[in-house]
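K.L.:
Could you have a look at this structure, given as structure tokens, before my questions?
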Amino acid sequence: MLSINRVTRNKTIKLSGSDENRLAAKCVQLKSKTTADKILDKTINQNLFEAAEFLPEEFVDLLFIDPPYNMNKEFNSTKFKGTSIEEYSEWIDSFIKKLLKCLKPDASIYFCGDWKSSTSIHTILNKYFKVKNRITWEREKGRGAKVNWKNNSEDIWFAVNSDNAYFDYEAVKIKRQVIAPYKNTNSEPKDWTAEAEGNFRLTHASNIWTDISVPFWSMAENTEHPTQKPEKLLAKIILASSKPGDVVMDPFLGSGTTSVTAKKLGRNYVGIEIDRSFACLAEKRLELAEVDKTIQGFNDGIFWERNTGSNVRSAPSILKVDSRQEKFHY
């Protein structure tokens, strides 16, 4: 049997005692009304409901919301208790109302949830925004279930403040391998191109994502946060719904994936996180992003399918950079 030395290959980002004390000083807390320039590219270590009172108006281009789902869950010192659909809906409504003032008129909103919380999310988003779609991504993790179907997917609801919201569909086009390369009557490729690695076609990205890997111990982005989102997932959202220099805000920052990915892709960011250790972890990852701009699954201008790498040139779906450095084609 192949032996794997898990200790030497474990890349999980952790905090030391000295790390936490130093990084905590980089976080901010809001005590009075502030301006956008005072909080851009900062981690706010504070209860969202307190911080929201002092946030500036109309400064956010892209709002990414990944709150505790409607289940019993512990996040270090913070515990969240699952409740009824009605009560969870009321809780969502209570913080959405506080964040409305922060959004630009053409802002985009992405809201994460699972099957149980999606009913509440859709209902409340529809109350304040124009709901455009629901993305479902394959979260292939966990051992299984014996009395139910195994849960291996999550939802991300996509909404906008207005019909003028920015969306770059070209930035998230999928380059797929053509299995049946049909040709026109003049023997020219029909809607595809022949390349050294095979035959490919550019297609629009759908609302089903199957190429996302949940961070685990041998991935450089991994942390000990129990519900960490992958950088690749955020990269898709940020590339599609923001421009370089735009402001991306995450009011439930956790270990910092949203801020880190925004930084790597040339956007400004604001993150709010109630837990001191997780806020410091986000700051540590932001420091690492100063020297390491890579995103797991992205090599040499190409985003690869799950479980493939830059040496696998026949990957069925890839993302390439075009002539503009900030622009990607998926």
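By convention in this document, the chains of the structure tokens carry letters A, B, ... by their order, each chain's residues are numbered from 1, and ligands are numbered from 1 in the order they are shown.
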Please provide the set of residues having any atom within 10 Å of region 71-87 of chain A, restricted to only C-alpha atoms, with same-chain residues fewer than 2 positions apart removed, written as a ChimeraX atom specification.

P.N.:
/A:68-69,89-93,114,116-121,225-227,254,274-278

K.L.:
When DSSP works through the backbone of this structure, what residues of region 167-269 of chain A end up as helix (DSSP H, G or I), shown as a ChimeraX atom specification?

P.N.:
/A:169-172,231-241,257-264

K.L.:
Quick one: residues within 7 Å of Ala240 (chain A), only C-alpha atoms counted, chain neighbours fewer than 2 positions away excluded, as a list in words?

P.N.:
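Listed by chain and then number, they are Phe167, Asp168, Tyr169, Ala171, Val172, Lys236, Ile237, Ile238 and Ser242 of chain A.
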
K.L.:
Write the residues you've just listed into a file as a compact mmCIF listing (two decimals), in the first residue's frame, and include C-alpha atoms for each of them.

P.N.:
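For reference, again_9.txt as written:
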```txt
# COMPACT_ATOMS: atom_id res chain seq x y z
CA PHE A 167 -21.65 40.89 -15.40
CA ASP A 168 -18.75 39.76 -17.57
CA TYR A 169 -19.93 36.53 -19.15
CA ALA A 171 -14.71 36.20 -18.10
CA VAL A 172 -16.36 32.92 -17.12
CA LYS A 236 -15.38 32.79 -10.54
CA ILE A 237 -17.76 35.14 -8.74
CA ILE A 238 -15.30 38.01 -8.48
CA SER A 242 -16.65 42.95 -10.47
```

K.L.:
Taking only region 101-213 of chain A into account, list the residues labelled strand (DSSP E or B) by DSSP (computed from the backbone), as a PDB file with N, CA and C atoms, in the first residue's frame.

P.N.:
```pdb
ATOM      1  N   LEU A 103     -24.599  49.275  -0.375  1.00  0.00           N
ATOM      2  CA  LEU A 103     -24.515  48.822  -1.761  1.00  0.00           C
ATOM      3  C   LEU A 103     -24.661  49.952  -2.759  1.00  0.00           C
ATOM      4  N   LYS A 104     -23.835  49.911  -3.777  1.00  0.00           N
ATOM      5  CA  LYS A 104     -24.004  50.832  -4.889  1.00  0.00           C
ATOM      6  C   LYS A 104     -25.294  50.482  -5.638  1.00  0.00           C
ATOM      7  N   PRO A 105     -25.868  51.419  -6.365  1.00  0.00           N
ATOM      8  CA  PRO A 105     -27.126  51.143  -7.074  1.00  0.00           C
ATOM      9  C   PRO A 105     -27.042  49.973  -8.042  1.00  0.00           C
ATOM     10  N   ASP A 106     -25.834  49.702  -8.577  1.00  0.00           N
ATOM     11  CA  ASP A 106     -25.679  48.608  -9.537  1.00  0.00           C
ATOM     12  C   ASP A 106     -24.915  47.420  -8.944  1.00  0.00           C
ATOM     13  N   ALA A 107     -24.965  47.256  -7.639  1.00  0.00           N
ATOM     14  CA  ALA A 107     -24.218  46.191  -6.960  1.00  0.00           C
ATOM     15  C   ALA A 107     -24.793  44.807  -7.257  1.00  0.00           C
ATOM     16  N   SER A 108     -23.927  43.793  -7.098  1.00  0.00           N
ATOM     17  CA  SER A 108     -24.332  42.390  -7.220  1.00  0.00           C
ATOM     18  C   SER A 108     -24.213  41.726  -5.857  1.00  0.00           C
ATOM     19  N   ILE A 109     -25.067  40.717  -5.629  1.00  0.00           N
ATOM     20  CA  ILE A 109     -25.098  40.028  -4.342  1.00  0.00           C
ATOM     21  C   ILE A 109     -25.055  38.527  -4.589  1.00  0.00           C
ATOM     22  N   TYR A 110     -24.176  37.837  -3.866  1.00  0.00           N
ATOM     23  CA  TYR A 110     -24.122  36.379  -3.898  1.00  0.00           C
ATOM     24  C   TYR A 110     -24.294  35.876  -2.462  1.00  0.00           C
ATOM     25  N   PHE A 111     -25.212  34.953  -2.269  1.00  0.00           N
ATOM     26  CA  PHE A 111     -25.588  34.514  -0.918  1.00  0.00           C
ATOM     27  C   PHE A 111     -25.519  32.988  -0.856  1.00  0.00           C
ATOM     28  N   CYS A 112     -24.679  32.467   0.023  1.00  0.00           N
ATOM     29  CA  CYS A 112     -24.457  31.012   0.120  1.00  0.00           C
ATOM     30  C   CYS A 112     -25.443  30.344   1.074  1.00  0.00           C
ATOM     31  N   GLY A 113     -25.769  29.095   0.754  1.00  0.00           N
ATOM     32  CA  GLY A 113     -26.639  28.317   1.630  1.00  0.00           C
ATOM     33  C   GLY A 113     -26.649  26.858   1.238  1.00  0.00           C
ATOM     34  N   LYS A 130     -33.323  41.933  -7.172  1.00  0.00           N
ATOM     35  CA  LYS A 130     -33.783  41.143  -8.306  1.00  0.00           C
ATOM     36  C   LYS A 130     -32.985  39.839  -8.327  1.00  0.00           C
ATOM     37  N   VAL A 131     -33.638  38.762  -7.997  1.00  0.00           N
ATOM     38  CA  VAL A 131     -32.961  37.461  -7.975  1.00  0.00           C
ATOM     39  C   VAL A 131     -32.787  36.975  -9.405  1.00  0.00           C
ATOM     40  N   LYS A 132     -31.527  36.686  -9.767  1.00  0.00           N
ATOM     41  CA  LYS A 132     -31.213  36.329 -11.149  1.00  0.00           C
ATOM     42  C   LYS A 132     -31.040  34.824 -11.358  1.00  0.00           C
ATOM     43  N   ASN A 133     -30.505  34.134 -10.344  1.00  0.00           N
ATOM     44  CA  ASN A 133     -30.186  32.728 -10.566  1.00  0.00           C
ATOM     45  C   ASN A 133     -29.816  32.058  -9.244  1.00  0.00           C
ATOM     46  N   ARG A 134     -29.732  30.742  -9.290  1.00  0.00           N
ATOM     47  CA  ARG A 134     -29.203  29.958  -8.182  1.00  0.00           C
ATOM     48  C   ARG A 134     -28.120  29.045  -8.724  1.00  0.00           C
ATOM     49  N   ILE A 135     -26.907  29.242  -8.256  1.00  0.00           N
ATOM     50  CA  ILE A 135     -25.786  28.379  -8.619  1.00  0.00           C
ATOM     51  C   ILE A 135     -25.758  27.200  -7.654  1.00  0.00           C
ATOM     52  N   THR A 136     -25.543  26.020  -8.181  1.00  0.00           N
ATOM     53  CA  THR A 136     -25.353  24.846  -7.337  1.00  0.00           C
ATOM     54  C   THR A 136     -23.962  24.293  -7.603  1.00  0.00           C
ATOM     55  N   TRP A 137     -23.175  24.160  -6.556  1.00  0.00           N
ATOM     56  CA  TRP A 137     -21.817  23.648  -6.747  1.00  0.00           C
ATOM     57  C   TRP A 137     -21.627  22.352  -5.971  1.00  0.00           C
ATOM     58  N   GLU A 138     -20.869  21.473  -6.591  1.00  0.00           N
ATOM     59  CA  GLU A 138     -20.643  20.145  -6.012  1.00  0.00           C
ATOM     60  C   GLU A 138     -19.596  20.235  -4.907  1.00  0.00           C
ATOM     61  N   SER A 153     -23.773  19.008  -2.200  1.00  0.00           N
ATOM     62  CA  SER A 153     -23.902  20.232  -2.994  1.00  0.00           C
ATOM     63  C   SER A 153     -24.342  21.378  -2.094  1.00  0.00           C
ATOM     64  N   GLU A 154     -24.019  22.582  -2.516  1.00  0.00           N
ATOM     65  CA  GLU A 154     -24.481  23.794  -1.843  1.00  0.00           C
ATOM     66  C   GLU A 154     -24.965  24.782  -2.893  1.00  0.00           C
ATOM     67  N   ASP A 155     -25.722  25.769  -2.446  1.00  0.00           N
ATOM     68  CA  ASP A 155     -26.278  26.769  -3.350  1.00  0.00           C
ATOM     69  C   ASP A 155     -25.620  28.125  -3.127  1.00  0.00           C
ATOM     70  N   ILE A 156     -25.576  28.911  -4.191  1.00  0.00           N
ATOM     71  CA  ILE A 156     -25.192  30.309  -4.096  1.00  0.00           C
ATOM     72  C   ILE A 156     -26.231  31.098  -4.897  1.00  0.00           C
ATOM     73  N   TRP A 157     -27.032  31.887  -4.205  1.00  0.00           N
ATOM     74  CA  TRP A 157     -28.057  32.676  -4.869  1.00  0.00           C
ATOM     75  C   TRP A 157     -27.451  33.959  -5.400  1.00  0.00           C
ATOM     76  N   PHE A 158     -27.773  34.283  -6.635  1.00  0.00           N
ATOM     77  CA  PHE A 158     -27.238  35.462  -7.319  1.00  0.00           C
ATOM     78  C   PHE A 158     -28.356  36.473  -7.510  1.00  0.00           C
ATOM     79  N   ALA A 159     -28.145  37.690  -6.968  1.00  0.00           N
ATOM     80  CA  ALA A 159     -29.132  38.761  -7.104  1.00  0.00           C
ATOM     81  C   ALA A 159     -28.421  40.062  -7.444  1.00  0.00           C
ATOM     82  N   VAL A 160     -29.189  41.028  -7.918  1.00  0.00           N
ATOM     83  CA  VAL A 160     -28.618  42.329  -8.287  1.00  0.00           C
ATOM     84  C   VAL A 160     -29.491  43.441  -7.739  1.00  0.00           C
ATOM     85  N   ILE A 174     -16.526  28.752 -20.539  1.00  0.00           N
ATOM     86  CA  ILE A 174     -15.885  27.463 -20.355  1.00  0.00           C
ATOM     87  C   ILE A 174     -15.345  26.955 -21.685  1.00  0.00           C
ATOM     88  N   LYS A 175     -14.114  26.522 -21.663  1.00  0.00           N
ATOM     89  CA  LYS A 175     -13.513  25.922 -22.848  1.00  0.00           C
ATOM     90  C   LYS A 175     -13.565  24.410 -22.690  1.00  0.00           C
ATOM     91  N   ARG A 176     -14.476  23.791 -23.405  1.00  0.00           N
ATOM     92  CA  ARG A 176     -14.728  22.362 -23.250  1.00  0.00           C
ATOM     93  C   ARG A 176     -14.170  21.556 -24.421  1.00  0.00           C
ATOM     94  N   GLN A 177     -13.773  20.349 -24.118  1.00  0.00           N
ATOM     95  CA  GLN A 177     -13.326  19.453 -25.171  1.00  0.00           C
ATOM     96  C   GLN A 177     -14.528  18.944 -25.953  1.00  0.00           C
ATOM     97  N   LYS A 183     -18.684  19.022 -38.527  1.00  0.00           N
ATOM     98  CA  LYS A 183     -18.165  19.988 -39.502  1.00  0.00           C
ATOM     99  C   LYS A 183     -19.284  20.476 -40.407  1.00  0.00           C
ATOM    100  N   PRO A 189     -14.674  23.281 -39.258  1.00  0.00           N
ATOM    101  CA  PRO A 189     -15.200  22.998 -37.914  1.00  0.00           C
ATOM    102  C   PRO A 189     -16.453  23.817 -37.621  1.00  0.00           C
ATOM    103  N   THR A 193     -12.732  24.648 -32.484  1.00  0.00           N
ATOM    104  CA  THR A 193     -11.419  24.824 -33.103  1.00  0.00           C
ATOM    105  C   THR A 193     -10.529  23.628 -32.790  1.00  0.00           C
ATOM    106  N   ALA A 194      -9.687  23.296 -33.741  1.00  0.00           N
ATOM    107  CA  ALA A 194      -8.742  22.196 -33.550  1.00  0.00           C
ATOM    108  C   ALA A 194      -7.438  22.766 -32.989  1.00  0.00           C
ATOM    109  N   GLU A 195      -6.960  22.179 -31.884  1.00  0.00           N
ATOM    110  CA  GLU A 195      -5.715  22.606 -31.254  1.00  0.00           C
ATOM    111  C   GLU A 195      -4.813  21.395 -31.055  1.00  0.00           C
ATOM    112  N   GLY A 198      -6.246  18.959 -28.696  1.00  0.00           N
ATOM    113  CA  GLY A 198      -7.534  18.360 -29.009  1.00  0.00           C
ATOM    114  C   GLY A 198      -8.474  19.385 -29.621  1.00  0.00           C
ATOM    115  N   ASN A 199      -9.748  19.044 -29.699  1.00  0.00           N
ATOM    116  CA  ASN A 199     -10.767  19.926 -30.258  1.00  0.00           C
ATOM    117  C   ASN A 199     -11.551  20.583 -29.120  1.00  0.00           C
ATOM    118  N   PHE A 200     -11.701  21.911 -29.199  1.00  0.00           N
ATOM    119  CA  PHE A 200     -12.328  22.638 -28.099  1.00  0.00           C
ATOM    120  C   PHE A 200     -13.375  23.622 -28.591  1.00  0.00           C
ATOM    121  N   ARG A 201     -14.334  23.913 -27.699  1.00  0.00           N
ATOM    122  CA  ARG A 201     -15.388  24.880 -27.977  1.00  0.00           C
ATOM    123  C   ARG A 201     -15.568  25.771 -26.750  1.00  0.00           C
ATOM    124  N   LEU A 202     -15.732  27.078 -26.968  1.00  0.00           N
ATOM    125  CA  LEU A 202     -16.050  27.986 -25.878  1.00  0.00           C
ATOM    126  C   LEU A 202     -17.556  27.999 -25.664  1.00  0.00           C
ATOM    127  N   THR A 203     -17.982  27.779 -24.424  1.00  0.00           N
ATOM    128  CA  THR A 203     -19.405  27.804 -24.098  1.00  0.00           C
ATOM    129  C   THR A 203     -19.639  28.694 -22.887  1.00  0.00           C
ATOM    130  N   ILE A 208     -24.346  25.239 -12.793  1.00  0.00           N
ATOM    131  CA  ILE A 208     -23.903  23.999 -12.147  1.00  0.00           C
ATOM    132  C   ILE A 208     -22.384  23.967 -12.203  1.00  0.00           C
ATOM    133  N   TRP A 209     -21.741  23.951 -11.028  1.00  0.00           N
ATOM    134  CA  TRP A 209     -20.279  23.949 -10.947  1.00  0.00           C
ATOM    135  C   TRP A 209     -19.801  22.627 -10.354  1.00  0.00           C
TER     136      TRP A 209
END
```

K.L.:
Tell me which of A:Glu287, A:Thr12, A:Met249, A:Met219 sits closest to Leu99 (chain A), counting only C-alpha atoms.

P.N.:
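Using only C-alpha atoms, Leu99 (chain A) sits closest to A:Met249.
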
K.L.:
Of the candidates A:Gly144, A:Pro181, A:Pro215, A:Gly245, which one gets nearest to Asp61 (chain A) if we count only C-alpha atoms?

P.N.:
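Smallest distance to Asp61 (chain A) is found for A:Gly245.
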
K.L.:
State, in Å with one decimal place, the distance from CA of Val28 (chain A) to CA of Glu273 (chain A).

P.N.:
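CA of Val28 (chain A) sits 10.4 Å away from CA of Glu273 (chain A).
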
K.L.:
Between A:Ala196, A:Val270, A:Ser255, A:Ile65, which is the closest to Ala36 (chain A) once you count only C-alpha atoms?

P.N.:
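Nearest to Ala36 (chain A): A:Val270.
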
K.L.:
Can you tell me which residues surround Leu100 (chain A) at a distance of at most 10 Å, considering only C-alpha atoms, apart from same-chain residues fewer than 5 positions away, and format the answer as a list in words?

P.N.:
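Result of the neighbour search: Ala52, Glu57, Glu58, Val60, Phe95, Pro105, Tyr128, Phe129 and Asn161 of chain A.
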
K.L.:
Keeping N, CA and C atoms, export the residues of the selection given above as a PDB file, in the first residue's frame.

P.N.:
```
ATOM      1  N   ALA A  52     -22.195  47.286  11.352  1.00  0.00           N
ATOM      2  CA  ALA A  52     -23.064  47.776  10.273  1.00  0.00           C
ATOM      3  C   ALA A  52     -23.584  49.178  10.544  1.00  0.00           C
ATOM      4  N   GLU A  57     -22.037  54.619   3.178  1.00  0.00           N
ATOM      5  CA  GLU A  57     -23.096  54.336   2.216  1.00  0.00           C
ATOM      6  C   GLU A  57     -22.542  54.156   0.802  1.00  0.00           C
ATOM      7  N   GLU A  58     -23.193  53.274   0.058  1.00  0.00           N
ATOM      8  CA  GLU A  58     -22.963  53.078  -1.388  1.00  0.00           C
ATOM      9  C   GLU A  58     -21.483  52.975  -1.764  1.00  0.00           C
ATOM     10  N   VAL A  60     -20.026  49.507  -1.928  1.00  0.00           N
ATOM     11  CA  VAL A  60     -19.793  48.104  -2.253  1.00  0.00           C
ATOM     12  C   VAL A  60     -20.298  47.769  -3.655  1.00  0.00           C
ATOM     13  N   PHE A  95     -30.110  41.333   9.080  1.00  0.00           N
ATOM     14  CA  PHE A  95     -28.812  41.894   8.691  1.00  0.00           C
ATOM     15  C   PHE A  95     -28.796  42.411   7.254  1.00  0.00           C
ATOM     16  N   PRO A 105     -25.868  51.419  -6.365  1.00  0.00           N
ATOM     17  CA  PRO A 105     -27.126  51.143  -7.074  1.00  0.00           C
ATOM     18  C   PRO A 105     -27.042  49.973  -8.042  1.00  0.00           C
ATOM     19  N   TYR A 128     -35.803  42.333  -1.458  1.00  0.00           N
ATOM     20  CA  TYR A 128     -34.996  43.556  -1.597  1.00  0.00           C
ATOM     21  C   TYR A 128     -34.303  43.714  -2.951  1.00  0.00           C
ATOM     22  N   PHE A 129     -34.086  42.602  -3.666  1.00  0.00           N
ATOM     23  CA  PHE A 129     -33.282  42.652  -4.886  1.00  0.00           C
ATOM     24  C   PHE A 129     -33.998  41.937  -6.029  1.00  0.00           C
ATOM     25  N   ASN A 161     -28.876  44.604  -7.582  1.00  0.00           N
ATOM     26  CA  ASN A 161     -29.595  45.779  -7.105  1.00  0.00           C
ATOM     27  C   ASN A 161     -30.404  46.424  -8.225  1.00  0.00           C
TER      28      ASN A 161
END
```

K.L.:
Excluding region 232-234 of chain A and any residue of its chain fewer than 2 positions from it, enumerate the residues within 9 Å of it, using only C-alpha atoms, and give them as a JSON list (two decimals) with C-alpha atoms, in the first residue's frame.

P.N.:
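Final output, result13.json:
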```
[["chain", "number", "residue", "atom", "x", "y", "z"],
["A", 64, "PHE", "CA", -20.61, 38.01, -0.89],
["A", 137, "TRP", "CA", -21.82, 23.65, -6.75],
["A", 209, "TRP", "CA", -20.28, 23.95, -10.95],
["A", 212, "ILE", "CA", -14.51, 22.97, -7.20],
["A", 213, "SER", "CA", -12.36, 21.24, -4.58],
["A", 229, "LYS", "CA", -14.92, 28.31, 0.90],
["A", 230, "PRO", "CA", -12.39, 27.57, -1.89],
["A", 236, "LYS", "CA", -15.38, 32.79, -10.54],
["A", 237, "ILE", "CA", -17.76, 35.14, -8.74],
["A", 238, "ILE", "CA", -15.30, 38.01, -8.48],
["A", 239, "LEU", "CA", -14.25, 37.77, -12.13],
["A", 257, "THR", "CA", -11.13, 33.54, 1.44],
["A", 258, "THR", "CA", -13.16, 36.40, -0.07],
["A", 261, "THR", "CA", -9.10, 36.11, -3.57],
["A", 262, "ALA", "CA", -10.18, 39.71, -4.16],
["A", 295, "ILE", "CA", -5.13, 30.22, -6.79],
["A", 296, "GLN", "CA", -5.53, 26.46, -6.41],
["A", 297, "GLY", "CA", -6.42, 25.04, -9.84],
["A", 298, "PHE", "CA", -5.03, 28.04, -11.71],
["A", 303, "PHE", "CA", -7.90, 27.21, -14.56]]
```
